[in-house]
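Colleague: Next up, coords_7.csv (CSV, C-alpha atoms).
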chain,number,residue,atom,x,y,z
B,27,GLY,CA,135.5,141.4,107.7
B,28,THR,CA,133.5,140.0,110.5
B,29,SER,CA,135.5,138.3,113.2
B,30,SER,CA,134.9,134.6,113.6
B,31,THR,CA,133.8,135.2,117.2
B,32,ALA,CA,131.1,137.6,116.1
B,33,VAL,CA,130.0,135.1,113.5
B,34,GLU,CA,129.9,132.3,116.1
B,35,GLY,CA,127.9,134.6,118.4
B,36,ALA,CA,125.4,135.4,115.7
B,37,GLU,CA,125.1,131.7,114.8
B,38,SER,CA,124.5,130.9,118.4
B,39,THR,CA,121.9,133.7,118.7
B,40,ARG,CA,120.1,132.5,115.6
B,41,HIS,CA,119.9,128.9,116.9
B,42,GLN,CA,118.6,130.1,120.3
B,43,ALA,CA,115.9,132.2,118.5
B,44,ALA,CA,114.9,129.2,116.5
B,45,ARG,CA,114.7,127.0,119.6
B,46,ARG,CA,112.6,129.7,121.4
B,47,GLN,CA,110.3,129.8,118.4
B,48,ARG,CA,109.9,126.0,118.4
B,49,SER,CA,109.2,125.9,122.2
B,50,ALA,CA,106.8,128.8,122.1
B,51,GLY,CA,104.4,126.7,120.1
B,52,THR,CA,104.6,129.0,117.1
B,53,MET,CA,105.8,126.1,114.9
B,54,ALA,CA,104.2,126.0,111.5
B,55,LYS,CA,101.9,123.1,110.8
B,56,ARG,CA,103.8,120.4,109.0
B,57,ARG,CA,103.0,117.0,107.3
B,58,PHE,CA,105.9,115.4,109.3
B,59,TYR,CA,107.5,116.1,112.7
B,60,THR,CA,110.7,115.0,114.3
B,61,PRO,CA,110.9,113.7,117.8
B,62,GLU,CA,112.5,117.0,118.7
B,63,ASP,CA,109.5,118.9,117.3
B,64,LEU,CA,107.2,116.7,119.4
B,65,ALA,CA,109.3,117.1,122.5
B,66,ALA,CA,109.0,121.0,122.4
B,67,HIS,CA,105.3,120.7,123.2
B,68,ASN,CA,105.7,119.3,126.7
B,69,CYS,CA,103.4,121.2,129.2
B,70,ALA,CA,99.8,121.5,130.1
B,71,LYS,CA,99.4,124.7,128.1
B,72,ASP,CA,101.0,123.2,125.0
B,73,ILE,CA,100.7,119.5,124.8
B,74,TRP,CA,101.4,117.1,121.9
B,75,VAL,CA,101.7,113.3,122.0
B,76,SER,CA,102.2,110.7,119.3
B,77,ILE,CA,100.5,107.4,118.8
B,78,ASN,CA,101.6,105.0,116.0
B,79,TYR,CA,103.2,107.8,114.1
B,80,LYS,CA,100.2,110.1,114.4
B,81,VAL,CA,100.8,113.4,116.2
B,82,PHE,CA,98.0,114.8,118.3
B,83,ASP,CA,97.6,118.3,119.6
B,84,LEU,CA,95.8,117.9,122.9
B,85,THR,CA,96.2,121.5,124.1
B,86,GLU,CA,92.6,122.6,123.9
B,87,LEU,CA,91.3,119.2,125.2
B,88,ILE,CA,93.5,119.4,128.3
B,89,GLN,CA,92.6,123.1,128.9
B,90,ALA,CA,88.9,122.2,128.8
B,91,ASN,CA,89.3,119.1,131.0
B,92,ARG,CA,91.8,120.0,133.8
B,93,GLY,CA,91.7,117.5,136.6
B,94,PRO,CA,92.9,114.1,137.7
B,95,LEU,CA,92.1,112.5,134.3
B,96,ALA,CA,94.2,115.0,132.5
B,97,GLN,CA,97.3,114.5,134.7
B,98,PRO,CA,98.6,111.2,133.2
B,99,LEU,CA,98.6,112.9,129.7
B,100,ILE,CA,100.3,116.1,131.0
B,101,GLU,CA,103.0,113.9,132.5
B,102,VAL,CA,103.8,112.4,129.0
B,103,ALA,CA,103.5,115.7,127.1
B,104,GLY,CA,105.9,115.8,124.2
B,105,GLN,CA,106.3,112.0,124.1
B,106,ASP,CA,105.3,109.0,122.1
B,107,ILE,CA,102.7,106.9,123.9
B,108,SER,CA,102.1,104.2,121.3
B,109,HIS,CA,102.7,101.6,124.0
B,110,TRP,CA,99.5,102.7,125.7
B,111,PHE,CA,97.4,101.5,122.7
B,112,ASP,CA,96.7,98.4,120.8
B,113,SER,CA,98.3,98.8,117.3
B,114,LYS,CA,95.6,96.5,115.7
B,115,THR,CA,92.4,98.0,117.2
B,116,GLY,CA,93.6,101.5,117.8
B,117,GLY,CA,92.0,101.4,121.3
B,118,VAL,CA,93.6,101.5,124.8
B,119,LYS,CA,95.3,98.3,125.7
B,120,THR,CA,93.3,96.0,128.0
B,121,PHE,CA,94.0,93.1,130.3
B,122,MET,CA,92.0,90.4,132.0
B,123,ASP,CA,91.1,91.4,135.6
B,124,PRO,CA,91.5,88.1,137.4
B,125,SER,CA,89.2,89.1,140.3
B,126,ARG,CA,86.2,89.8,138.0
B,127,GLY,CA,87.1,87.8,134.9
B,128,VAL,CA,86.5,90.7,132.6
B,129,ARG,CA,88.8,92.7,130.3
B,130,VAL,CA,89.5,96.3,131.6
B,131,PRO,CA,91.6,99.1,130.3
B,132,TYR,CA,95.3,98.8,131.1
B,133,THR,CA,96.4,102.2,132.4
B,134,PRO,CA,99.5,101.8,134.6
B,135,HIS,CA,100.1,105.5,134.5
B,136,GLY,CA,96.5,106.1,135.8
B,137,ARG,CA,93.2,106.3,134.1
B,138,PHE,CA,93.1,109.2,131.6
B,139,LEU,CA,90.6,111.2,129.6
B,140,HIS,CA,87.9,109.2,127.8
B,141,VAL,CA,88.9,105.9,129.4
B,142,PRO,CA,85.9,104.4,131.2
B,143,PRO,CA,86.2,103.6,134.9
B,144,PRO,CA,86.8,99.9,135.9
B,145,GLU,CA,83.5,99.9,137.8
B,146,PRO,CA,80.1,101.2,136.5
B,147,THR,CA,79.3,104.6,138.0
B,148,ALA,CA,76.7,107.3,137.4
B,149,ALA,CA,79.5,109.8,137.5
B,150,TRP,CA,81.0,108.5,134.2
B,151,ASN,CA,80.1,111.1,131.5
B,152,THR,CA,80.0,109.6,128.0
B,153,ASP,CA,78.7,112.7,126.1
B,154,PHE,CA,82.2,113.5,124.8
B,155,GLY,CA,81.5,111.6,121.5
B,156,THR,CA,84.6,110.2,119.9
B,157,ALA,CA,87.5,109.2,122.3
B,158,TRP,CA,90.3,111.7,121.7
B,159,TRP,CA,92.8,109.0,120.4
B,160,LEU,CA,90.3,108.2,117.6
B,161,ASP,CA,89.5,111.9,116.8
B,162,GLU,CA,91.0,112.7,113.4
B,163,ASP,CA,90.5,116.4,114.1
B,164,LEU,CA,93.2,116.3,116.8
B,165,ILE,CA,95.8,114.8,114.4
B,166,ILE,CA,98.1,117.6,113.1
B,167,GLY,CA,100.6,115.4,111.1
B,168,ARG,CA,102.8,112.3,111.3
B,169,LEU,CA,105.9,111.5,113.3
B,170,THR,CA,108.7,110.8,110.9
B,171,GLU,CA,109.8,107.2,110.5
B,172,LYS,CA,113.4,108.5,110.2
B,173,THR,CA,115.2,111.7,110.8
B,174,ARG,CA,118.3,112.8,108.9
B,175,LYS,CA,120.8,115.7,109.2
B,176,VAL,CA,121.7,118.1,106.4
B,177,GLN,CA,124.1,121.1,106.3
B,178,ILE,CA,122.8,124.2,104.6
B,179,VAL,CA,125.5,126.6,103.5
B,180,ASN,CA,124.5,130.2,102.6
B,181,VAL,CA,126.9,131.1,99.8
B,182,LEU,CA,126.2,134.8,100.3
B,183,THR,CA,127.0,135.0,104.1
B,184,HIS,CA,129.1,131.8,104.4
B,185,GLN,CA,127.0,130.7,107.3
B,186,THR,CA,126.3,127.0,107.8
B,187,ASP,CA,123.3,125.6,109.6
B,188,LEU,CA,122.9,121.9,110.6
B,189,LEU,CA,119.3,120.9,110.4
B,190,THR,CA,117.5,117.7,111.6
B,191,VAL,CA,114.8,117.0,109.1
B,192,CYS,CA,112.3,114.3,108.3
B,193,SER,CA,113.4,111.9,105.5
B,194,GLU,CA,109.8,112.1,104.0
B,195,GLU,CA,110.0,115.9,103.6
B,196,THR,CA,110.3,117.7,100.3
B,197,LEU,CA,112.9,120.5,100.0
B,198,GLU,CA,110.1,123.0,100.2
B,199,GLU,CA,109.3,121.6,103.6
B,200,ILE,CA,112.9,121.6,104.6
B,201,ARG,CA,113.1,125.2,103.5
B,202,ASP,CA,110.2,126.0,105.9
B,203,ARG,CA,112.4,124.6,108.7
B,204,TYR,CA,115.4,126.6,107.4
B,205,MET,CA,113.3,129.8,107.7
B,206,GLU,CA,113.7,129.6,111.4
B,207,TYR,CA,117.4,130.4,110.7
B,208,ASN,CA,117.1,132.5,107.6
B,209,LYS,CA,113.8,134.4,107.2
B,210,HIS,CA,114.6,135.2,103.6
B,211,ALA,CA,115.0,131.5,102.7
B,212,GLN,CA,112.4,131.8,99.9
B,213,SER,CA,114.7,134.2,98.0
B,214,TYR,CA,117.4,131.5,97.6
B,215,THR,CA,118.1,128.9,94.9
B,216,TRP,CA,119.0,125.5,96.4
B,217,LYS,CA,121.9,123.6,94.7
B,218,LYS,CA,124.0,120.5,95.3
B,219,LEU,CA,127.5,119.7,94.0
B,220,GLU,CA,127.4,117.1,91.3
B,221,GLU,CA,130.6,116.1,89.5
B,222,ASP,CA,132.2,119.5,90.4
B,223,VAL,CA,129.2,121.5,89.1
B,224,PHE,CA,126.5,123.1,91.3
B,225,VAL,CA,123.1,122.0,90.0
B,226,PRO,CA,119.7,123.3,91.1
B,227,MET,CA,117.5,120.9,93.1
B,228,ASP,CA,113.9,120.1,92.7
B,229,MET,CA,112.1,121.7,95.6
B,230,GLU,CA,109.1,119.4,95.2
B,231,LYS,CA,111.2,116.3,95.8
B,232,THR,CA,112.8,114.8,98.9
B,233,LEU,CA,116.6,114.8,99.5
B,234,ASP,CA,116.6,111.1,98.4
B,235,GLU,CA,114.7,111.9,95.3
B,236,ASN,CA,117.2,114.7,94.5
B,237,GLY,CA,120.0,112.2,94.6
B,238,VAL,CA,121.1,113.0,98.1
B,239,PRO,CA,120.8,109.6,99.9
B,240,ASP,CA,120.9,109.1,103.6
B,241,GLU,CA,124.2,107.2,104.1
B,242,SER,CA,124.3,107.3,107.9
B,243,GLU,CA,123.6,103.5,108.2
B,244,GLU,CA,126.4,102.7,105.7
B,245,PHE,CA,128.8,104.9,107.7
B,246,ASP,CA,127.6,103.1,110.9
B,247,LYS,CA,128.4,99.7,109.3
B,248,LEU,CA,131.8,100.9,108.4
B,249,GLY,CA,132.4,102.3,111.9
B,250,ILE,CA,132.8,105.8,110.6
B,251,ASP,CA,131.4,108.7,112.7
B,252,PHE,CA,128.7,110.2,110.6
B,253,ASP,CA,129.1,113.4,112.5
B,254,TYR,CA,132.0,114.2,110.3
B,255,TYR,CA,130.0,113.9,107.1
B,256,TYR,CA,126.6,115.4,106.5
B,257,PRO,CA,125.2,116.1,103.0
B,258,VAL,CA,125.6,119.7,102.1
B,259,ILE,CA,123.1,122.0,100.3
B,260,HIS,CA,124.4,125.3,98.9
B,261,VAL,CA,121.8,128.1,98.9
B,262,TYR,CA,122.4,131.0,96.5
B,263,PHE,CA,120.7,134.4,97.0
B,264,ASN,CA,118.7,135.0,93.8
B,265,ASP,CA,120.4,138.4,93.2
B,266,ASP,CA,123.9,136.8,93.6
B,267,LEU,CA,124.1,133.9,91.2
B,268,THR,CA,127.5,134.8,89.8
B,269,ASN,CA,129.1,131.9,91.6
B,270,SER,CA,126.9,129.3,89.9
With the file now loaded, output its structure as structure tokens.

Modeller:
Amino acid sequence: GTSSTAVEGAESTRHQAARRQRSAGTMAKRRFYTPEDLAAHNCAKDIWVSINYKVFDLTELIQANRGPLAQPLIEVAGQDISHWFDSKTGGVKTFMDPSRGVRVPYTPHGRFLHVPPPEPTAAWNTDFGTAWWLDEDLIIGRLTEKTRKVQIVNVLTHQTDLLTVCSEETLEEIRDRYMEYNKHAQSYTWKKLEEDVFVPMDMEKTLDENGVPDESEEFDKLGIDFDYYYPVIHVYFNDDLTNS
């Protein structure tokens, strides 16, 4: 049999490969993203930000507009910047300029792309059309309202992977995440233990809808460390269903 050290080494290598894939910007387009997904896109050549749960890919915009107005955005790459914007209007926050008695954009990090200058100037180019934060074409998905963790146990290899997923994701979408760890994930049947019997799960439903609730808050209230208890999904290779 394989030694535990070799298995741990393989496990570590697979996790490193998955991390590299995420940070290399090769992540598949999803409906929902975790803060960790967002944080992987954190430089001028690969820049995502989120505003009020909408995730924007600004990579091409920044590449086409390098300069001082791009810099404040590059500095917050991979982060949520909802606090820069008015949640009701969707526009940049403003404040009353006491010296002039007019409302001007509030940009404590510095004026950024598509924000007009405080003073009228001929150098201000308005031919960009829609401001990027109102451009639906730049939105690639939504930031999850809540992440949760799930353990996936490969019954064939006995390997366990702990995944952080979005609570809104279906099992099909979670399987897409799991493919970073197991490229043959499509060839497995997903099951959960229910009254001592392994039952197949509905891949078009969420964990919650499959009867796998997120109990982390309950554990928190009881003062129990949730790290010791994560829901477990058992995946069976389709040519090896003898254990079902």

Colleague: Nearest residue to Ser242 of chain B out of B:Pro98, B:Pro257, B:Pro131, B:Gly136, using only C-alpha atoms?

Modeller: B:Pro257

Colleague: For Ala157 of chain B, which of B:Lys218, B:Leu64, B:Leu87, B:Glu171 is the closest residue, counting all atoms listed in the file?

Modeller: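 Counting all atoms listed in the file, the residue closest to Ala157 of chain B is B:Leu87.
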
Colleague: Using only C-alpha atoms, find the one residue out of B:Glu199, B:Asp163, B:Ala65, B:Tyr255 that sits nearest to Glu86 of chain B.

Modeller: B:Asp163

Colleague: Rounded to one decimal place, report the atom CA of Ala70 of chain B-atom CA of Phe154 of chain B distance in Å.

Modeller: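 A separation of 20.0 Å between them.
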
Colleague: Determine the nearest neighbour of Phe138 of chain B from the options B:Val118, B:Val258, B:Leu95, B:Met205, counting only C-alpha atoms.

Modeller: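 Under the stated criterion, the closest residue is B:Leu95.
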
Colleague: One decimal, in Å: what's the spacing between atom CA of Ser113 of chain B and atom CA of Glu195 of chain B?

Modeller: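 Separation of atom CA of Ser113 of chain B and atom CA of Glu195 of chain B: 24.8 Å.
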
Colleague: Can you list, as JSON, numbers by chain, every protein, DNA or RNA residue that comes within 10 Å of Pro142 of chain B when you count only C-alpha atoms, leaving out same-chain residues fewer than 3 positions away?

Modeller: {"B": [130, 131, 137, 138, 139, 145, 146, 147, 150, 151, 152]}

Colleague: Leaving out Lys231 of chain B and any residue of its chain fewer than 2 positions from it, which residues lie within 9 Å of it when counting only C-alpha atoms, given as a list in words?

Modeller: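 Once the nearby chain positions are removed, what remains is Glu195, Thr196, Leu197, Glu198, Met227, Asp228, Met229, Leu233, Asp234, Glu235 and Asn236 of chain B.
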
Colleague: How many Å separate atom CA of Glu243 of chain B from atom CA of Val191 of chain B?

Modeller: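 Rounded to one decimal, the two atoms are 16.1 Å apart.
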
Colleague: Find the residues around segment 59-62 of chain B up to 9 Å (all atoms listed in the file counted), leave out those fewer than 5 positions away in its own chain, and share them as a list in words.

Modeller: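 In the requested format, the answer is Val81, Gly104, Gln105, Asp106, Gly167, Arg168, Leu169, Thr170, Glu171, Lys172, Thr173, Thr190, Val191 and Cys192 of chain B.
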
Colleague: Show which residues sit within 10 Å of Asp265 of chain B, as number ranges by chain. Count all atoms listed in the file, and ignore same-chain residues fewer than 4 positions away.

Modeller: B: 182, 213-215
